[in-house]
$ cat input11.tsv   # TSV, C-alpha atoms
chain	number	residue	atom	x	y	z
A	1	MET	CA	89.22	118.76	128.00
A	2	PRO	CA	92.37	120.91	127.89
A	3	LEU	CA	95.11	120.09	125.45
A	4	THR	CA	97.46	118.07	127.59
A	5	ASP	CA	100.75	116.61	126.44
A	6	SER	CA	99.31	113.16	126.38
A	7	LEU	CA	96.33	114.26	124.35
A	8	ARG	CA	98.66	115.98	121.91
A	9	ASN	CA	100.66	112.80	121.56
A	10	ASP	CA	97.52	110.82	120.96
A	11	ILE	CA	96.47	113.21	118.22
A	12	LEU	CA	99.91	112.94	116.65
A	13	ALA	CA	99.69	109.17	116.80
A	14	ALA	CA	96.43	109.26	114.90
A	15	VAL	CA	97.85	111.28	112.00
A	16	PRO	CA	99.11	108.35	109.90
A	17	SER	CA	95.74	106.65	109.88
A	18	LEU	CA	93.93	109.95	109.32
A	19	ARG	CA	96.06	110.41	106.21
A	20	ALA	CA	95.36	106.89	105.05
A	21	PHE	CA	91.66	107.45	105.53
A	22	ALA	CA	91.78	110.78	103.70
A	23	ILE	CA	93.71	109.34	100.76
A	24	SER	CA	91.44	106.33	100.56
A	25	LEU	CA	88.41	108.59	100.49
A	26	SER	CA	89.64	111.23	98.12
A	27	GLY	CA	92.10	109.36	95.92
A	28	ASN	CA	94.24	112.46	95.89
A	29	ALA	CA	97.28	112.85	98.10
A	30	ASP	CA	97.48	116.63	98.11
A	31	ARG	CA	93.86	117.04	98.87
A	32	ALA	CA	94.12	114.39	101.54
A	33	ASP	CA	96.83	116.29	103.36
A	34	ASP	CA	94.77	119.46	103.21
A	35	LEU	CA	91.92	117.53	104.75
A	36	VAL	CA	94.14	116.22	107.51
A	37	GLN	CA	95.47	119.69	108.22
A	38	GLU	CA	91.96	121.12	108.40
A	39	THR	CA	90.92	118.24	110.64
A	40	LEU	CA	93.77	118.88	113.05
A	41	LEU	CA	93.06	122.59	113.23
A	42	ARG	CA	89.40	121.91	113.92
A	43	ALA	CA	90.18	119.30	116.50
A	44	LEU	CA	92.65	121.50	118.33
A	45	ALA	CA	90.35	124.51	118.20
A	46	ASN	CA	87.51	122.43	119.60
A	47	ILE	CA	89.43	120.24	121.96
A	48	ASP	CA	87.14	121.33	124.78
A	49	SER	CA	84.32	119.41	123.23
A	50	PHE	CA	86.28	116.17	123.27
A	51	GLN	CA	85.06	113.90	126.07
A	52	PRO	CA	88.02	112.56	128.07
A	53	GLY	CA	88.13	108.81	127.89
A	54	SER	CA	86.11	108.58	124.73
A	55	ASN	CA	87.51	107.28	121.46
A	56	LEU	CA	89.91	109.94	120.17
A	57	PRO	CA	90.57	108.35	116.76
A	58	ALA	CA	86.82	108.01	116.19
A	59	TRP	CA	86.35	111.66	117.11
A	60	LEU	CA	89.08	112.76	114.69
A	61	PHE	CA	87.79	110.51	111.92
A	62	THR	CA	84.33	112.00	112.37
A	63	ILE	CA	85.69	115.50	111.86
A	64	LEU	CA	87.63	114.45	108.77
A	65	ARG	CA	84.74	112.57	107.31
A	66	ASN	CA	82.39	115.54	107.75
A	67	LEU	CA	84.91	117.91	106.22
A	68	PHE	CA	85.35	115.60	103.27
A	69	ARG	CA	81.64	115.32	102.70
A	70	SER	CA	80.96	119.02	102.82
A	71	ASP	CA	83.92	119.58	100.55
A	72	TYR	CA	82.62	116.93	98.21
A	73	ARG	CA	79.28	118.61	97.92
A	74	LYS	CA	80.98	121.80	96.91
A	75	ARG	CA	83.31	120.66	94.24
A	76	ARG	CA	82.77	117.00	93.46
A	77	ARG	CA	85.59	114.59	93.20
A	78	GLU	CA	88.42	115.30	90.85
A	79	VAL	CA	87.98	111.97	89.21
A	80	GLU	CA	90.46	112.53	86.47
A	81	ASP	CA	93.08	113.02	89.12
A	82	ALA	CA	92.32	109.92	91.07
A	83	GLU	CA	94.22	107.52	88.91
A	84	GLY	CA	97.93	107.85	88.80
A	85	ASN	CA	98.25	110.64	91.29
A	86	TYR	CA	97.81	108.39	94.25
A	87	ALA	CA	100.34	105.86	93.09
A	88	LYS	CA	102.98	108.57	92.99
A	89	THR	CA	102.66	109.00	96.74
A	90	LEU	CA	103.64	105.44	97.44
A	91	LYS	CA	106.99	104.97	99.07
A	92	THR	CA	107.60	101.60	97.57
A	93	GLN	CA	107.02	101.64	93.88
A	94	PRO	CA	105.18	98.45	93.15
A	95	SER	CA	106.25	96.15	90.37
A	96	GLN	CA	104.50	96.56	87.06
A	97	ASN	CA	101.97	93.83	87.75
A	98	ALA	CA	101.27	94.86	91.28
A	99	HIS	CA	100.99	98.40	90.06
A	100	LEU	CA	98.35	97.51	87.51
A	101	GLU	CA	96.48	95.51	90.06
A	102	PHE	CA	96.65	98.42	92.44
A	103	GLU	CA	95.37	100.87	89.86
A	104	GLU	CA	92.48	98.56	89.11
A	105	PHE	CA	91.62	98.28	92.74
A	106	ARG	CA	91.86	102.00	93.28
A	107	SER	CA	89.65	102.74	90.34
A	108	ALA	CA	87.08	100.15	91.42
A	109	LEU	CA	87.04	101.69	94.88
A	110	ASP	CA	86.40	105.08	93.33
A	111	LYS	CA	83.36	103.70	91.57
A	112	LEU	CA	81.59	102.84	94.80
A	113	PRO	CA	78.96	105.18	96.15
A	114	GLN	CA	80.50	107.37	98.80
A	115	ASP	CA	78.48	105.86	101.65
A	116	GLN	CA	79.69	102.40	100.80
A	117	ARG	CA	83.27	103.41	100.23
A	118	GLU	CA	83.65	105.12	103.57
A	119	ALA	CA	81.97	102.25	105.42
A	120	LEU	CA	84.23	99.70	103.80
A	121	ILE	CA	87.37	101.69	104.54
A	122	LEU	CA	86.45	102.34	108.17
A	123	VAL	CA	85.66	98.70	108.89
A	124	GLY	CA	87.92	96.88	106.46
A	125	ALA	CA	91.05	99.02	106.61
A	126	SER	CA	90.95	101.36	109.61
A	127	GLY	CA	89.80	98.51	111.81
A	128	PHE	CA	86.91	100.29	113.50
A	129	SER	CA	84.12	98.21	114.94
A	130	TYR	CA	80.76	98.41	113.22
A	131	GLU	CA	79.59	100.44	116.21
A	132	ASP	CA	82.38	102.99	115.92
A	133	ALA	CA	81.96	103.21	112.17
A	134	ALA	CA	78.25	103.83	112.67
A	135	SER	CA	78.94	106.63	115.09
A	136	ILE	CA	81.52	108.17	112.74
A	137	CYS	CA	79.05	108.12	109.86
A	138	GLY	CA	76.07	109.09	111.99
A	139	CYS	CA	73.95	106.11	111.06
A	140	ALA	CA	72.71	102.82	112.49
A	141	VAL	CA	74.97	99.81	112.95
A	142	GLY	CA	72.80	97.75	110.61
A	143	THR	CA	73.19	100.40	107.95
A	144	ILE	CA	76.98	100.19	108.19
A	145	LYS	CA	76.88	96.43	107.92
A	146	SER	CA	74.78	96.50	104.82
A	147	ARG	CA	76.92	99.21	103.24
A	148	VAL	CA	80.04	97.19	103.86
A	149	ASN	CA	78.46	94.11	102.33
A	150	ARG	CA	77.26	95.98	99.31
A	151	ALA	CA	80.66	97.59	98.89
A	152	ARG	CA	82.36	94.20	98.90
A	153	SER	CA	79.92	92.74	96.45
A	154	LYS	CA	80.30	95.63	94.10
A	155	LEU	CA	84.10	95.53	94.26
A	156	ALA	CA	84.02	91.82	93.60
A	157	ALA	CA	81.78	92.37	90.61
A	158	LEU	CA	84.04	95.10	89.26
A	159	LEU	CA	87.30	93.32	89.86
A	160	TYR	CA	86.83	89.62	89.77
A	161	VAL	CA	83.75	88.72	87.84
A	162	ASP	CA	83.97	90.47	84.49
A	163	GLY	CA	87.66	90.13	83.93
A	164	ALA	CA	88.45	87.29	86.26
A	165	GLU	CA	92.01	87.25	84.97
A	166	ASP	CA	94.48	85.66	87.31
A	167	PHE	CA	92.03	85.02	90.04
A	168	GLY	CA	90.21	81.81	90.63
A	169	PRO	CA	90.83	78.11	90.54
A	170	ASP	CA	92.57	77.01	87.40
A	171	GLU	CA	92.17	77.48	83.70
A	172	THR	CA	90.00	74.46	83.18
A	173	VAL	CA	87.56	75.47	85.82
A	174	ARG	CA	87.56	79.02	84.61
A	175	ALA	CA	86.72	77.78	81.14
A	176	VAL	CA	83.75	75.98	82.60
A	177	ILE	CA	82.63	79.00	84.57
A	178	GLY	CA	83.22	81.51	81.83
A	179	GLY	CA	81.97	79.46	78.91
A	180	SER	CA	83.99	79.58	75.72
A	181	GLY	CA	85.49	82.92	76.69
A	182	GLY	CA	86.71	85.24	74.05
B	1	MET	CA	83.01	66.57	83.19
B	2	LYS	CA	81.07	65.92	86.30
B	3	ASP	CA	84.21	66.47	88.28
B	4	LEU	CA	84.88	69.83	86.75
B	5	LYS	CA	81.38	70.99	87.33
B	6	SER	CA	81.44	70.15	90.98
B	7	GLN	CA	84.76	71.92	91.36
B	8	ALA	CA	83.43	74.94	89.63
B	9	SER	CA	80.36	75.13	91.73
B	10	ARG	CA	82.34	74.71	94.90
B	11	SER	CA	84.69	77.51	94.01
B	12	THR	CA	81.86	79.87	93.23
B	13	THR	CA	79.73	79.03	96.20
B	14	PRO	CA	78.74	82.41	97.51
B	15	GLY	CA	79.40	83.23	101.12
B	16	LYS	CA	78.23	86.27	102.97
B	17	GLY	CA	76.98	88.93	100.61
B	18	GLY	CA	77.24	86.61	97.64
B	19	LEU	CA	81.02	86.43	97.82
B	20	THR	CA	83.34	83.50	97.99
B	21	PRO	CA	85.66	83.56	100.97
B	22	GLU	CA	88.61	83.85	98.59
B	23	ILE	CA	87.25	86.99	97.03
B	24	GLN	CA	86.37	88.47	100.39
B	25	SER	CA	89.83	87.93	101.68
B	26	ARG	CA	91.40	89.22	98.51
B	27	ILE	CA	89.42	92.45	98.74
B	28	GLY	CA	90.36	92.83	102.38
B	29	HIS	CA	93.99	92.26	101.58
B	30	GLN	CA	94.10	94.85	98.80
B	31	LEU	CA	92.24	97.38	100.85
B	32	ARG	CA	94.62	97.04	103.76
B	33	ALA	CA	97.67	97.06	101.51
B	34	MET	CA	96.57	100.39	100.06
B	35	TYR	CA	95.79	101.84	103.47
B	36	ASP	CA	98.79	100.53	105.34
B	37	ASP	CA	101.15	101.85	102.75
B	38	VAL	CA	100.11	105.35	103.78
B	39	VAL	CA	100.08	104.55	107.48
B	40	ARG	CA	103.69	103.40	107.21
B	41	GLN	CA	104.73	106.81	105.96
B	42	GLY	CA	104.32	108.05	109.52
B	43	VAL	CA	103.72	111.67	110.46
B	44	PRO	CA	104.87	114.22	107.88
B	45	ASP	CA	106.82	117.11	109.38
B	46	ARG	CA	104.16	119.64	108.55
B	47	PHE	CA	101.71	117.95	110.90
B	48	ALA	CA	104.18	117.32	113.67
B	49	GLU	CA	105.11	121.00	113.56
B	50	LEU	CA	101.51	122.11	113.40
B	51	ILE	CA	100.62	120.20	116.54
B	52	LYS	CA	103.78	121.29	118.32
B	53	LYS	CA	103.29	124.94	117.46
B	54	LEU	CA	99.89	124.98	119.04
B	55	ASP	CA	101.64	124.16	122.23
B	56	ALA	CA	103.31	127.53	122.42
B	57	PRO	CA	101.42	130.05	124.52
B	58	GLY	CA	99.68	132.65	122.44
B	59	ALA	CA	99.99	130.64	119.29
B	60	SER	CA	96.53	130.25	118.03
B	61	PRO	CA	95.88	128.99	114.56
B	62	HIS	CA	93.78	130.91	112.17
B	63	VAL	CA	90.57	129.01	112.45
B	64	GLU	CA	87.55	131.16	112.49
B	65	ASN	CA	84.76	128.70	112.84
B	66	GLU	CA	83.46	125.99	115.08
B	67	GLY	CA	84.15	122.33	114.54
B	68	GLY	CA	82.10	119.20	114.82
B	69	SER	CA	79.39	120.47	112.55
B	70	ASN	CA	78.91	119.59	108.95
B	71	ASP	CA	79.29	123.12	107.80
B	72	ASN	CA	82.55	123.76	106.19
B	73	ASN	CA	84.37	127.02	106.02
B	74	ASN	CA	84.65	128.79	102.77
B	75	GLY	CA	87.42	130.95	101.65
B	76	ARG	CA	90.20	128.44	101.37
B	77	ASP	CA	92.11	128.44	98.15
$ encode --input "input11.tsv" --output "structure tokens"
Amino acid sequence: MPLTDSLRNDILAAVPSLRAFAISLSGNADRADDLVQETLLRALANIDSFQPGSNLPAWLFTILRNLFRSDYRKRRREVEDAEGNYAKTLKTQPSQNAHLEFEEFRSALDKLPQDQREALILVGASGFSYEDAASICGCAVGTIKSRVNRARSKLAALLYVDGAEDFGPDETVRAVIGGSGG
Amino acid sequence: MKDLKSQASRSTTPGKGGLTPEIQSRIGHQLRAMYDDVVRQGVPDRFAELIKKLDAPGASPHVENEGGSNDNNNGRD
């Protein structure tokens, strides 16, 4: 369809969540904004292939996701950059504790296989239905569900099982669960 | 002792995917906190301008390839 004003506004409205998706995927703010820019240029150049009435955010997310994956294949993730860099982009600087917790979460997320990470973000943070997430990732709905479940289990194992720190019932119970500790 | 054990087993009763509901909700909360923090930053000027510029007649961005496919362009950077 042609690029109407309302379509342009809808694209604009999708930018904040496209950025959030890109940062969540890549762990790198600069790279994320490059991805968003590339996504917008692609979308606008190919706006004729967008079906009026279909899900515009899902269409845009599909483009971004495909760009990210082809980019990934070419140069791998800049893992060393993932920690720390992202936190600098935050508007509200979290308190020391929250910051540590955030870094831990971010680094656990980065340890997930890419398929699982993107599925978890699409469903758990972007709020897409399993169906939309499946269409964005080009796979079956059941596949998305199992990826999301595996992603959650793995995050839980990374974050809350080994070093169960401040999570969980109370010290006594934790002592029972964790044995003598040490 | 018995009491403690039953408490412990209740709190670690796995739900869907082997997770307790507390852990599930904690993961969901952290994930959304991370995501929403970026969403709240709104639209950076560079993107607002990019989309606006494409409005102008004759302004066509320098994009030399098709979209929607998995093939990426090379030659950036």
$ atom_distance --input "input11.tsv" --atom1 "CA of Asn55 in chain A" --atom2 "CA of Arg147 in chain A"
22.6 Å
$ interface_residues --input "input11.tsv" --of "chain A" --to "chain B" --cutoff "6 Å" --atoms "only C-alpha atoms" --output "ChimeraX atom specification"
/A:16-17,20,42,63,66,125,149,173
$ closest_residue --input "input11.tsv" --among "A:Asp132, A:Cys139, A:Phe105, A:Ala32" --to "Ser54 in chain A" --atoms "only C-alpha atoms"
A:Asp132
$ atom_distance --input "input11.tsv" --atom1 "CA of Ile47 in chain A" --atom2 "CA of Glu118 in chain A"
24.5 Å
$ atom_distance --input "input11.tsv" --atom1 "CA of Leu40 in chain A" --atom2 "CA of Ile136 in chain A"
16.3 Å
$ residues_around --input "input11.tsv" --residues "Pro113 in chain A" --least-positions-apart "6" --cutoff "10 Å" --atoms "all atoms listed in the file" --output "list in words"
Arg147, Arg150, Ala151 and Lys154 of chain A
$ closest_residue --input "input11.tsv" --among "A:Leu155, A:Val36, A:Leu18, A:Leu109" --to "Leu56 in chain A" --atoms "all atoms listed in the file"
A:Leu18
